[in-house]
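Below: my_file_7.cif (mmCIF, C-alpha atoms)
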data_start
#
loop_
_atom_site.group_PDB
_atom_site.id
_atom_site.type_symbol
_atom_site.label_atom_id
_atom_site.label_comp_id
_atom_site.auth_asym_id
_atom_site.auth_seq_id
_atom_site.Cartn_x
_atom_site.Cartn_y
_atom_site.Cartn_z
ATOM 1 C CA MET A 1 76.508 102.917 98.682
ATOM 2 C CA ALA A 2 79.937 102.559 100.309
ATOM 3 C CA TRP A 3 81.393 104.380 103.303
ATOM 4 C CA GLN A 4 85.039 105.288 103.844
ATOM 5 C CA LEU A 5 87.285 105.693 106.881
ATOM 6 C CA HIS A 6 90.906 106.825 107.227
ATOM 7 C CA TYR A 7 93.029 105.575 110.128
ATOM 8 C CA THR A 8 96.567 106.580 111.115
ATOM 9 C CA SER A 9 98.666 108.067 113.918
ATOM 10 C CA ALA A 10 98.013 111.797 114.258
ATOM 11 C CA ARG A 11 98.975 114.567 116.636
ATOM 12 C CA ARG A 12 95.364 115.600 117.013
ATOM 13 C CA GLY A 13 92.324 113.959 115.451
ATOM 14 C CA PRO A 14 88.555 114.414 115.711
ATOM 15 C CA THR A 15 88.668 113.166 119.306
ATOM 16 C CA GLY A 16 91.277 115.748 120.285
ATOM 17 C CA ARG A 17 93.789 113.142 121.408
ATOM 18 C CA ALA A 18 97.072 112.012 119.888
ATOM 19 C CA GLY A 19 97.996 108.585 118.523
ATOM 20 C CA PHE A 20 96.373 106.010 116.245
ATOM 21 C CA GLN A 21 92.769 106.891 115.493
ATOM 22 C CA PHE A 22 90.169 107.449 112.774
ATOM 23 C CA VAL A 23 91.030 110.829 111.288
ATOM 24 C CA ALA A 24 88.374 111.011 108.547
ATOM 25 C CA GLU A 25 85.147 109.206 107.653
ATOM 26 C CA THR A 26 81.979 109.348 105.596
ATOM 27 C CA PRO A 27 79.056 110.821 107.553
ATOM 28 C CA GLY A 28 76.263 108.415 108.417
ATOM 29 C CA LEU A 29 78.341 105.294 109.033
ATOM 30 C CA PRO A 30 76.241 102.231 109.874
ATOM 31 C CA GLU A 31 76.093 101.618 113.604
ATOM 32 C CA GLY A 32 79.024 99.601 114.924
ATOM 33 C CA THR A 33 81.220 100.131 111.854
ATOM 34 C CA ARG A 34 84.197 101.629 113.694
ATOM 35 C CA ALA A 35 84.199 98.879 116.313
ATOM 36 C CA GLY A 36 83.777 96.225 113.621
ATOM 37 C CA VAL A 37 86.742 97.301 111.511
ATOM 38 C CA THR A 38 89.121 98.122 114.385
ATOM 39 C CA PRO A 39 90.463 94.534 114.776
ATOM 40 C CA TYR A 40 91.681 94.657 111.168
ATOM 41 C CA LEU A 41 93.655 97.898 111.608
ATOM 42 C CA SER A 42 97.277 96.864 112.015
ATOM 43 C CA TYR A 43 100.490 96.757 110.015
ATOM 44 C CA ARG A 44 103.877 95.328 110.942
ATOM 45 C CA PRO A 45 106.766 95.516 108.460
ATOM 46 C CA PRO A 46 108.591 92.344 107.407
ATOM 47 C CA PRO A 47 111.491 91.442 109.752
ATOM 48 C CA ASP A 48 114.151 92.163 107.125
ATOM 49 C CA ALA A 49 112.743 95.606 106.259
ATOM 50 C CA PRO A 50 114.862 98.612 107.258
ATOM 51 C CA LEU A 51 114.086 99.829 110.762
ATOM 52 C CA SER A 52 114.545 103.485 109.835
ATOM 53 C CA PRO A 53 113.627 103.667 106.160
ATOM 54 C CA GLU A 54 114.241 106.728 104.041
ATOM 55 C CA ALA A 55 111.316 108.203 102.126
ATOM 56 C CA HIS A 56 112.395 106.531 98.873
ATOM 57 C CA GLU A 57 112.415 103.117 100.581
ATOM 58 C CA LEU A 58 108.775 103.212 101.730
ATOM 59 C CA ASP A 59 107.442 102.002 98.380
ATOM 60 C CA ARG A 60 109.325 98.738 98.913
ATOM 61 C CA PHE A 61 107.187 97.829 101.928
ATOM 62 C CA PRO A 62 104.387 95.419 100.947
ATOM 63 C CA VAL A 63 100.894 96.874 100.662
ATOM 64 C CA ALA A 64 98.175 94.909 102.433
ATOM 65 C CA LEU A 65 94.840 94.776 100.625
ATOM 66 C CA LEU A 66 92.294 92.921 102.742
ATOM 67 C CA TYR A 67 88.839 91.626 101.898
ATOM 68 C CA ASP A 68 86.554 90.270 104.584
ATOM 69 C CA ARG A 69 83.112 90.948 106.018
ATOM 70 C CA VAL A 70 82.006 93.056 108.970
ATOM 71 C CA ALA A 71 78.456 92.980 110.335
ATOM 72 C CA GLY A 72 77.367 91.199 107.147
ATOM 73 C CA ARG A 73 78.787 93.866 104.823
ATOM 74 C CA PRO A 74 81.814 93.564 102.525
ATOM 75 C CA LEU A 75 84.947 95.098 104.045
ATOM 76 C CA LEU A 76 87.820 96.294 101.892
ATOM 77 C CA LEU A 77 90.882 97.687 103.612
ATOM 78 C CA ARG A 78 94.235 98.867 102.257
ATOM 79 C CA CYS A 79 97.219 99.391 104.578
ATOM 80 C CA ARG A 80 100.538 100.945 103.627
ATOM 81 C CA TYR A 81 103.554 101.789 105.753
ATOM 82 C CA LEU A 82 104.279 105.509 106.285
ATOM 83 C CA GLY A 83 107.403 105.265 108.411
ATOM 84 C CA ARG A 84 107.485 108.177 110.850
ATOM 85 C CA ASP A 85 104.482 109.530 112.703
ATOM 86 C CA TYR A 86 103.840 113.107 113.829
ATOM 87 C CA SER A 87 106.434 112.767 116.621
ATOM 88 C CA GLY A 88 109.162 111.388 114.369
ATOM 89 C CA ARG A 89 108.867 107.814 115.634
ATOM 90 C CA PHE A 90 108.819 104.942 113.154
ATOM 91 C CA GLY A 91 105.911 102.508 113.016
ATOM 92 C CA ASN A 92 103.191 104.663 111.511
ATOM 93 C CA PHE A 93 100.888 103.284 108.822
ATOM 94 C CA PHE A 94 97.817 104.466 106.962
ATOM 95 C CA ALA A 95 94.670 102.376 106.521
ATOM 96 C CA HIS A 96 91.974 103.287 104.012
ATOM 97 C CA VAL A 97 88.784 101.412 104.849
ATOM 98 C CA VAL A 98 85.749 100.870 102.615
ATOM 99 C CA VAL A 99 82.572 99.275 103.982
ATOM 100 C CA ALA A 100 80.033 98.622 101.228
ATOM 101 C CA GLU A 101 76.526 97.366 100.736
ATOM 102 C CA GLU A 102 76.308 93.965 99.074
ATOM 103 C CA GLU A 103 75.043 95.335 95.763
ATOM 104 C CA GLU A 104 78.137 97.526 95.344
ATOM 105 C CA LEU A 105 80.163 94.375 94.615
ATOM 106 C CA GLU A 106 77.664 92.879 92.187
ATOM 107 C CA GLY A 107 79.591 91.751 89.121
ATOM 108 C CA LEU A 108 82.897 92.665 90.790
ATOM 109 C CA ARG A 109 85.538 90.424 92.334
ATOM 110 C CA PRO A 110 87.129 92.111 95.387
ATOM 111 C CA ALA A 111 90.610 91.241 94.079
ATOM 112 C CA GLU A 112 89.958 93.552 91.115
ATOM 113 C CA LEU A 113 90.380 96.508 93.474
ATOM 114 C CA TRP A 114 94.120 95.940 93.977
ATOM 115 C CA HIS A 115 95.098 99.023 91.959
ATOM 116 C CA ALA A 116 91.691 100.709 92.088
ATOM 117 C CA PRO A 117 91.647 104.519 91.754
ATOM 118 C CA LEU A 118 89.609 104.896 94.941
ATOM 119 C CA TRP A 119 92.566 104.257 97.270
ATOM 120 C CA ASN A 120 94.359 107.141 98.959
ATOM 121 C CA ASP A 121 98.032 106.863 99.910
ATOM 122 C CA GLU A 122 97.785 109.441 102.706
ATOM 123 C CA PRO A 123 95.023 110.497 105.112
ATOM 124 C CA ALA A 124 92.676 113.228 103.981
ATOM 125 C CA THR A 125 92.490 116.581 105.694
ATOM 126 C CA GLY A 126 89.224 117.988 106.969
ATOM 127 C CA GLY A 127 87.848 114.804 108.512
ATOM 128 C CA VAL A 128 84.985 114.265 106.023
ATOM 129 C CA LEU A 129 85.068 111.677 103.225
ATOM 130 C CA PRO A 130 82.479 111.329 100.455
ATOM 131 C CA GLN A 131 80.292 108.303 99.865
ATOM 132 C CA LEU A 132 81.496 106.054 97.081
ATOM 133 C CA GLU A 133 78.795 105.577 94.494
ATOM 134 C CA GLU A 134 80.822 103.082 92.462
ATOM 135 C CA LEU A 135 83.765 100.766 93.115
ATOM 136 C CA SER A 136 85.826 100.878 89.940
ATOM 137 C CA PRO A 137 88.421 98.117 89.409
ATOM 138 C CA GLY A 138 92.093 98.794 88.913
ATOM 139 C CA ALA A 139 94.098 98.460 85.724
ATOM 140 C CA ASN A 140 95.114 95.024 84.422
ATOM 141 C CA SER A 141 92.721 93.236 86.772
ATOM 142 C CA ASP A 142 90.321 92.014 84.078
ATOM 143 C CA PRO A 143 90.233 88.310 83.101
ATOM 144 C CA GLU A 144 91.940 88.884 79.755
ATOM 145 C CA SER A 145 94.932 90.691 81.289
ATOM 146 C CA LEU A 146 95.286 88.101 84.018
ATOM 147 C CA ALA A 147 95.071 85.252 81.502
ATOM 148 C CA GLU A 148 97.899 86.822 79.489
ATOM 149 C CA TRP A 149 99.958 87.230 82.662
ATOM 150 C CA LEU A 150 99.327 83.618 83.676
ATOM 151 C CA ALA A 151 100.383 82.365 80.257
ATOM 152 C CA ALA A 152 103.569 84.446 80.497
ATOM 153 C CA GLN A 153 104.334 82.883 83.891
ATOM 154 C CA GLY A 154 104.063 79.439 82.354
ATOM 155 C CA LYS A 155 106.549 80.315 79.613
ATOM 156 C CA ALA A 156 108.955 81.982 82.033
ATOM 157 C CA SER A 157 108.992 78.951 84.313
ATOM 158 C CA GLN A 158 110.013 76.484 81.614
ATOM 159 C CA GLY A 159 113.435 75.068 82.361
ATOM 160 C CA LYS A 160 113.623 76.660 85.816
ATOM 161 C CA SER A 161 113.134 75.362 89.326
ATOM 162 C CA SER A 162 109.545 74.630 90.142
ATOM 163 C CA VAL A 163 107.154 76.920 91.922
ATOM 164 C CA ALA A 164 106.188 74.639 94.729
ATOM 165 C CA GLY A 165 103.942 74.255 97.692
ATOM 166 C CA THR A 166 104.263 72.490 100.992
ATOM 167 C CA GLY A 167 101.867 71.075 103.536
ATOM 168 C CA SER A 168 98.752 70.291 101.518
ATOM 169 C CA GLU A 169 100.840 69.072 98.584
ATOM 170 C CA ALA A 170 102.636 66.597 100.793
ATOM 171 C CA ARG A 171 99.296 65.088 101.746
ATOM 172 C CA SER A 172 97.791 65.163 98.258
ATOM 173 C CA GLY A 173 100.849 63.685 96.578
ATOM 174 C CA ALA A 174 101.489 66.741 94.387
ATOM 175 C CA GLY A 175 105.232 67.107 94.634
ATOM 176 C CA SER A 176 107.563 69.939 93.654
ATOM 177 C CA GLY A 177 108.354 68.716 90.172
ATOM 178 C CA SER A 178 105.969 70.788 88.070
ATOM 179 C CA SER A 179 107.137 74.153 86.783
ATOM 180 C CA ASP A 180 103.894 74.859 84.978
ATOM 181 C CA ALA A 181 101.904 77.899 86.132
ATOM 182 C CA TYR A 182 98.661 76.125 85.260
ATOM 183 C CA GLY A 183 99.711 73.225 87.453
ATOM 184 C CA LEU A 184 100.280 75.679 90.291
ATOM 185 C CA LEU A 185 96.833 77.139 89.686
ATOM 186 C CA ALA A 186 95.288 73.666 89.848
ATOM 187 C CA ARG A 187 96.984 72.980 93.184
ATOM 188 C CA LEU A 188 95.968 76.385 94.491
ATOM 189 C CA MET A 189 92.368 75.766 93.520
ATOM 190 C CA ASP A 190 92.407 72.410 95.328
ATOM 191 C CA ALA A 191 93.752 74.070 98.483
ATOM 192 C CA VAL A 192 91.354 77.028 98.362
ATOM 193 C CA SER A 193 88.406 74.724 97.706
ATOM 194 C CA ASP A 194 89.405 72.711 100.771
ATOM 195 C CA VAL A 195 89.496 75.669 103.167
ATOM 196 C CA LEU A 196 86.279 77.151 101.772
ATOM 197 C CA ALA A 197 84.483 73.813 102.140
ATOM 198 C CA GLU A 198 85.823 73.261 105.656
ATOM 199 C CA GLY A 199 85.096 76.824 106.740
ATOM 200 C CA PHE A 200 88.426 77.244 108.527
ATOM 201 C CA GLY A 201 92.168 77.250 107.843
ATOM 202 C CA ARG A 202 94.108 79.266 105.322
ATOM 203 C CA VAL A 203 96.208 79.051 102.181
ATOM 204 C CA VAL A 204 99.498 80.976 102.449
ATOM 205 C CA LEU A 205 101.255 82.505 99.429
ATOM 206 C CA VAL A 206 104.921 83.395 99.974
ATOM 207 C CA ALA A 207 106.739 85.771 97.613
ATOM 208 C CA ASP A 208 109.404 88.489 97.673
ATOM 209 C CA ASP A 209 107.029 90.951 95.999
ATOM 210 C CA VAL A 210 103.379 91.535 96.860
ATOM 211 C CA GLU A 211 102.419 92.140 93.213
ATOM 212 C CA PRO A 212 102.445 88.468 92.137
ATOM 213 C CA ILE A 213 100.572 87.563 95.317
ATOM 214 C CA ALA A 214 97.810 90.020 94.419
ATOM 215 C CA ARG A 215 97.664 88.659 90.875
ATOM 216 C CA TRP A 216 97.472 85.039 91.978
ATOM 217 C CA ILE A 217 94.658 85.978 94.365
ATOM 218 C CA ALA A 218 92.835 87.609 91.446
ATOM 219 C CA VAL A 219 93.393 84.567 89.204
ATOM 220 C CA VAL A 220 92.008 82.288 91.919
ATOM 221 C CA SER A 221 89.041 84.631 92.373
ATOM 222 C CA TYR A 222 88.152 84.442 88.684
ATOM 223 C CA SER A 223 88.576 80.664 88.747
ATOM 224 C CA LEU A 224 85.886 80.294 91.422
ATOM 225 C CA PRO A 225 82.129 80.645 90.986
ATOM 226 C CA VAL A 226 80.937 84.117 91.945
ATOM 227 C CA ALA A 227 79.300 82.919 95.170
ATOM 228 C CA SER A 228 82.475 81.137 96.277
ATOM 229 C CA ALA A 229 84.681 84.103 95.380
ATOM 230 C CA SER A 230 82.556 86.341 97.587
ATOM 231 C CA LYS A 231 83.272 84.003 100.525
ATOM 232 C CA MET A 232 87.027 83.912 99.905
ATOM 233 C CA SER A 233 88.464 86.438 102.314
ATOM 234 C CA PHE A 234 92.067 87.403 101.587
ATOM 235 C CA VAL A 235 94.934 89.708 102.477
ATOM 236 C CA THR A 236 97.877 90.364 100.168
ATOM 237 C CA TYR A 237 100.369 90.784 103.039
ATOM 238 C CA SER A 238 100.304 89.709 106.670
ATOM 239 C CA ALA A 239 103.073 89.864 109.266
ATOM 240 C CA ASP A 240 101.287 87.002 111.073
ATOM 241 C CA PRO A 241 100.420 84.412 108.410
ATOM 242 C CA ASP A 242 99.832 81.742 111.077
ATOM 243 C CA GLY A 243 97.227 83.839 112.866
ATOM 244 C CA ALA A 244 95.539 85.652 109.982
ATOM 245 C CA ALA A 245 91.770 85.202 109.892
ATOM 246 C CA GLN A 246 91.509 85.303 106.097
ATOM 247 C CA ARG A 247 91.324 82.215 103.885
ATOM 248 C CA LEU A 248 94.025 83.316 101.393
ATOM 249 C CA VAL A 249 97.022 85.037 102.992
ATOM 250 C CA GLY A 250 100.106 86.589 101.402
ATOM 251 C CA THR A 251 103.411 87.065 103.178
ATOM 252 C CA THR A 252 107.141 87.504 102.549
ATOM 253 C CA PRO A 253 109.877 84.842 102.784
ATOM 254 C CA ASP A 254 111.534 86.514 105.792
ATOM 255 C CA THR A 255 108.197 86.686 107.619
ATOM 256 C CA TRP A 256 107.435 83.055 106.831
ATOM 257 C CA ALA A 257 110.915 82.014 107.996
ATOM 258 C CA VAL A 258 110.167 83.190 111.552
ATOM 259 C CA SER A 259 106.562 81.925 111.608
ATOM 260 C CA GLN A 260 105.441 78.791 113.396
ATOM 261 C CA HIS A 261 104.463 77.166 110.080
ATOM 262 C CA GLN A 262 101.075 76.014 111.302
ATOM 263 C CA ALA A 263 99.275 76.659 108.020
ATOM 264 C CA GLY A 264 98.396 73.463 106.168
ATOM 265 C CA HIS A 265 98.543 74.874 102.621
ATOM 266 C CA VAL A 266 101.677 76.842 101.699
ATOM 267 C CA PHE A 267 102.858 77.884 98.250
ATOM 268 C CA HIS A 268 106.217 79.509 97.584
ATOM 269 C CA LEU A 269 105.825 81.650 94.485
ATOM 270 C CA THR A 270 109.488 82.665 94.207
ATOM 271 C CA GLY A 271 112.823 81.144 95.075
ATOM 272 C CA GLU A 272 114.044 77.598 95.074
ATOM 273 C CA ALA A 273 111.622 74.684 94.963
ATOM 274 C CA ALA A 274 110.344 73.749 98.390
ATOM 275 C CA SER A 275 110.175 70.168 99.577
ATOM 276 C CA GLY A 276 106.804 68.637 100.317
#
So, in terms of structure tokens, how does the structure I just supplied come out?
Amino acid sequence: MAWQLHYTSARRGPTGRAGFQFVAETPGLPEGTRAGVTPYLSYRPPPDAPLSPEAHELDRFPVALLYDRVAGRPLLLRCRYLGRDYSGRFGNFFAHVVVAEEEELEGLRPAELWHAPLWNDEPATGGVLPQLEELSPGANSDPESLAEWLAAQGKASQGKSSVAGTGSEARSGAGSGSSDAYGLLARLMDAVSDVLAEGFGRVVLVADDVEPIARWIAVVSYSLPVASASKMSFVTYSADPDGAAQRLVGTTPDTWAVSQHQAGHVFHLTGEAASG
């Protein structure tokens, strides 16, 4: 069984007040669910994003898919930027939250839900959401599709500047000379294994587009044993990569440029090769 919640800024919600709030949910939520998920409910656009985007520009804002745990249960949360709220002010976003029992993710890697059909792009009307009996993965998230994509990345990178990492690579001696996607995967696995073993820290993935970040997270997930993958919390986009609580964190180059660069493991997936 899995429960759903919708969160956004509304003129009037179930509480009768205006502003950001839960506007719809599955009846019978486990006790403490709302309070447990509230700290994860935020979205800040990248610094270079338009301040007053037109409707056709909203799809260019990165989608944040988050996997973590709340009160011992798997938490899956998808945030997307909506632009204006009910009053016409910019800054509104919509979060679709799924809190599941452990068995709902049996045989499923959370990263498979990147393009899952369960996600809504806008809040539901009526205030009541159904229970989810099954979490179905999204398209092209199976191991075969990801393996084909990874192989294509290796071919595309031949003869180009390397996809490089900083921080952990400087310490491990892995420089920025390899342009091989499988070499990048090996370095990523080393970094992720480190933070999972230590129980703290994060690996940051920097890219112009959130799609390759989500795919690299999925590739890493499939490269880990099932038990380790279930412990690998992640978010595909964060406006605060230095402060994110997840182990694998995606962000954009403009966001990373204004960060404090405290993360020890950083991988730039696009752009010029970074120095170690």
When you count all atoms listed in the file, which of these residues is closest to A:Ala218: A:Leu129, A:Leu108, A:Leu146, A:Ala71? A:Leu146
Residue contacts of A:Ile217 (8 Å, all atoms listed in the file) excluding same-chain residues fewer than 5 positions away, as an MDAnalysis selection string: chainID A and resid 111 234 236 248
I need the residue set behind the PyMOL selection byres ((chain A and resi 122) around 12) for this file; please write it as a ChimeraX atom specification. /A:5-10,23-24,78-83,92-96,119-121,123-125
Please expand the PyMOL selection byres ((chain A and resi 99) around 7) into the concrete residues it hits in this file, giving the result as a PDB file with C-alpha atoms, in the coordinates of the input.
ATOM      1  CA  ALA A   2      79.937 102.559 100.309  1.00  0.00           C
ATOM      2  CA  TRP A   3      81.393 104.380 103.303  1.00  0.00           C
ATOM      3  CA  GLN A   4      85.039 105.288 103.844  1.00  0.00           C
ATOM      4  CA  ARG A  73      78.787  93.866 104.823  1.00  0.00           C
ATOM      5  CA  PRO A  74      81.814  93.564 102.525  1.00  0.00           C
ATOM      6  CA  LEU A  75      84.947  95.098 104.045  1.00  0.00           C
ATOM      7  CA  LEU A  76      87.820  96.294 101.892  1.00  0.00           C
ATOM      8  CA  VAL A  97      88.784 101.412 104.849  1.00  0.00           C
ATOM      9  CA  VAL A  98      85.749 100.870 102.615  1.00  0.00           C
ATOM     10  CA  ALA A 100      80.033  98.622 101.228  1.00  0.00           C
TER      11      ALA A 100
END
Applying 8 Å and all atoms listed in the file, which residues near A:Phe90 remain after dropping the ones on its own chain fewer than 4 positions away? List them as a ChimeraX atom specification. /A:51-52,83-85
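Our summary of the geometry notes that atom CA of A:Gly243 is positioned 24.2 Å from atom CA of A:Gly32.
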Which protein, DNA or RNA residues have an atom at most 9 Å from (94.0, 98.3, 94.5), counting all atoms listed in the file? List them as an mmCIF file with C-alpha atoms, keeping the file's coordinate frame.
data_model
loop_
_atom_site.group_PDB
_atom_site.id
_atom_site.type_symbol
_atom_site.label_atom_id
_atom_site.label_comp_id
_atom_site.auth_asym_id
_atom_site.auth_seq_id
_atom_site.Cartn_x
_atom_site.Cartn_y
_atom_site.Cartn_z
ATOM 1 C CA LEU A 65 94.840 94.776 100.625
ATOM 2 C CA ARG A 78 94.235 98.867 102.257
ATOM 3 C CA ALA A 111 90.610 91.241 94.079
ATOM 4 C CA GLU A 112 89.958 93.552 91.115
ATOM 5 C CA LEU A 113 90.380 96.508 93.474
ATOM 6 C CA TRP A 114 94.120 95.940 93.977
ATOM 7 C CA HIS A 115 95.098 99.023 91.959
ATOM 8 C CA ALA A 116 91.691 100.709 92.088
ATOM 9 C CA PRO A 117 91.647 104.519 91.754
ATOM 10 C CA LEU A 118 89.609 104.896 94.941
ATOM 11 C CA TRP A 119 92.566 104.257 97.270
ATOM 12 C CA PRO A 137 88.421 98.117 89.409
ATOM 13 C CA GLY A 138 92.093 98.794 88.913
ATOM 14 C CA ALA A 139 94.098 98.460 85.724
#
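Atom CA of A:Val204 is found 4.7 Å from atom CA of A:Val266.
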May I ask which of the residues A:Val192, A:Ile213, A:Gly91, A:Tyr67 is the closest one to A:Ser42, counting only C-alpha atoms? A:Gly91
For the structure shown, which residues end up in the PyMOL selection byres ((chain A and resi 62) around 9)? Put them as a list in words, please? Pro45, Pro46, Leu58, Asp59, Arg60, Phe61, Val63, Ala64, Cys79, Arg80, Tyr81, Asp209, Val210, Glu211, Thr236, Tyr237, Thr251 and Thr252 of chain A
Residues at most 8 Å from A:Asp242, counting all atoms listed in the file, excluding those fewer than 5 positions away in the same chain, as a compact mmCIF listing (two decimals) with C-alpha atoms, in the coordinates of the input?
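Full text of selection_15.txt as output:
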# COMPACT_ATOMS: atom_id res chain seq x y z
CA SER A 259 106.56 81.92 111.61
CA GLN A 260 105.44 78.79 113.40
CA HIS A 261 104.46 77.17 110.08
CA GLN A 262 101.08 76.01 111.30
CA ALA A 263 99.28 76.66 108.02
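Pairwise distance (atom CA of A:Pro225, atom CA of A:Ser136) equals 20.6 Å.
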Selection: 10 Å around A:Ser223, only C-alpha atoms, excl. self and same-chain fewer than 3 positions, as an NGL selection string: :A and (143 or 185-186 or 189 or 217-220 or 226 or 228-229)
Would you save the residues of that selection, restricted to C-alpha atoms, as a compact mmCIF listing (two decimals), in the frame of the given file?
# COMPACT_ATOMS: atom_id res chain seq x y z
CA PRO A 143 90.23 88.31 83.10
CA LEU A 185 96.83 77.14 89.69
CA ALA A 186 95.29 73.67 89.85
CA MET A 189 92.37 75.77 93.52
CA ILE A 217 94.66 85.98 94.36
CA ALA A 218 92.84 87.61 91.45
CA VAL A 219 93.39 84.57 89.20
CA VAL A 220 92.01 82.29 91.92
CA VAL A 226 80.94 84.12 91.94
CA SER A 228 82.48 81.14 96.28
CA ALA A 229 84.68 84.10 95.38
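Closest approach to A:Thr270 among A:Leu135, A:Ala55, A:Thr33, A:Gln153 is made by A:Gln153 (distances from only C-alpha atoms).
Nearest residue to A:Val235, choosing from A:His265, A:Arg202, A:Arg17, A:Arg11 and counting only C-alpha atoms: A:Arg202.
Candidate residues A:Trp216, A:Phe20, A:Tyr40, A:Phe267 were compared for distance to A:Asp68, and the nearest is A:Tyr40, using all atoms listed in the file.
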For A:Leu188, which of A:Arg215, A:Thr15, A:Val203, A:Ala49 is the closest residue, counting only C-alpha atoms? A:Val203
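Proximity to A:Ala227 at 12 Å, evaluated using all atoms listed in the file and with sequence-adjacent residues fewer than 4 positions away removed, yields Leu105, Glu106, Gly107, Leu108, Arg109, Leu196, Ser221, Tyr222, Ser223, Lys231 and Met232 of chain A.
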Export of the given selection (C-alpha atoms) as a compact mmCIF listing (two decimals), in the coordinates of the input:
# COMPACT_ATOMS: atom_id res chain seq x y z
CA LEU A 105 80.16 94.38 94.62
CA GLU A 106 77.66 92.88 92.19
CA GLY A 107 79.59 91.75 89.12
CA LEU A 108 82.90 92.66 90.79
CA ARG A 109 85.54 90.42 92.33
CA LEU A 196 86.28 77.15 101.77
CA SER A 221 89.04 84.63 92.37
CA TYR A 222 88.15 84.44 88.68
CA SER A 223 88.58 80.66 88.75
CA LYS A 231 83.27 84.00 100.52
CA MET A 232 87.03 83.91 99.90
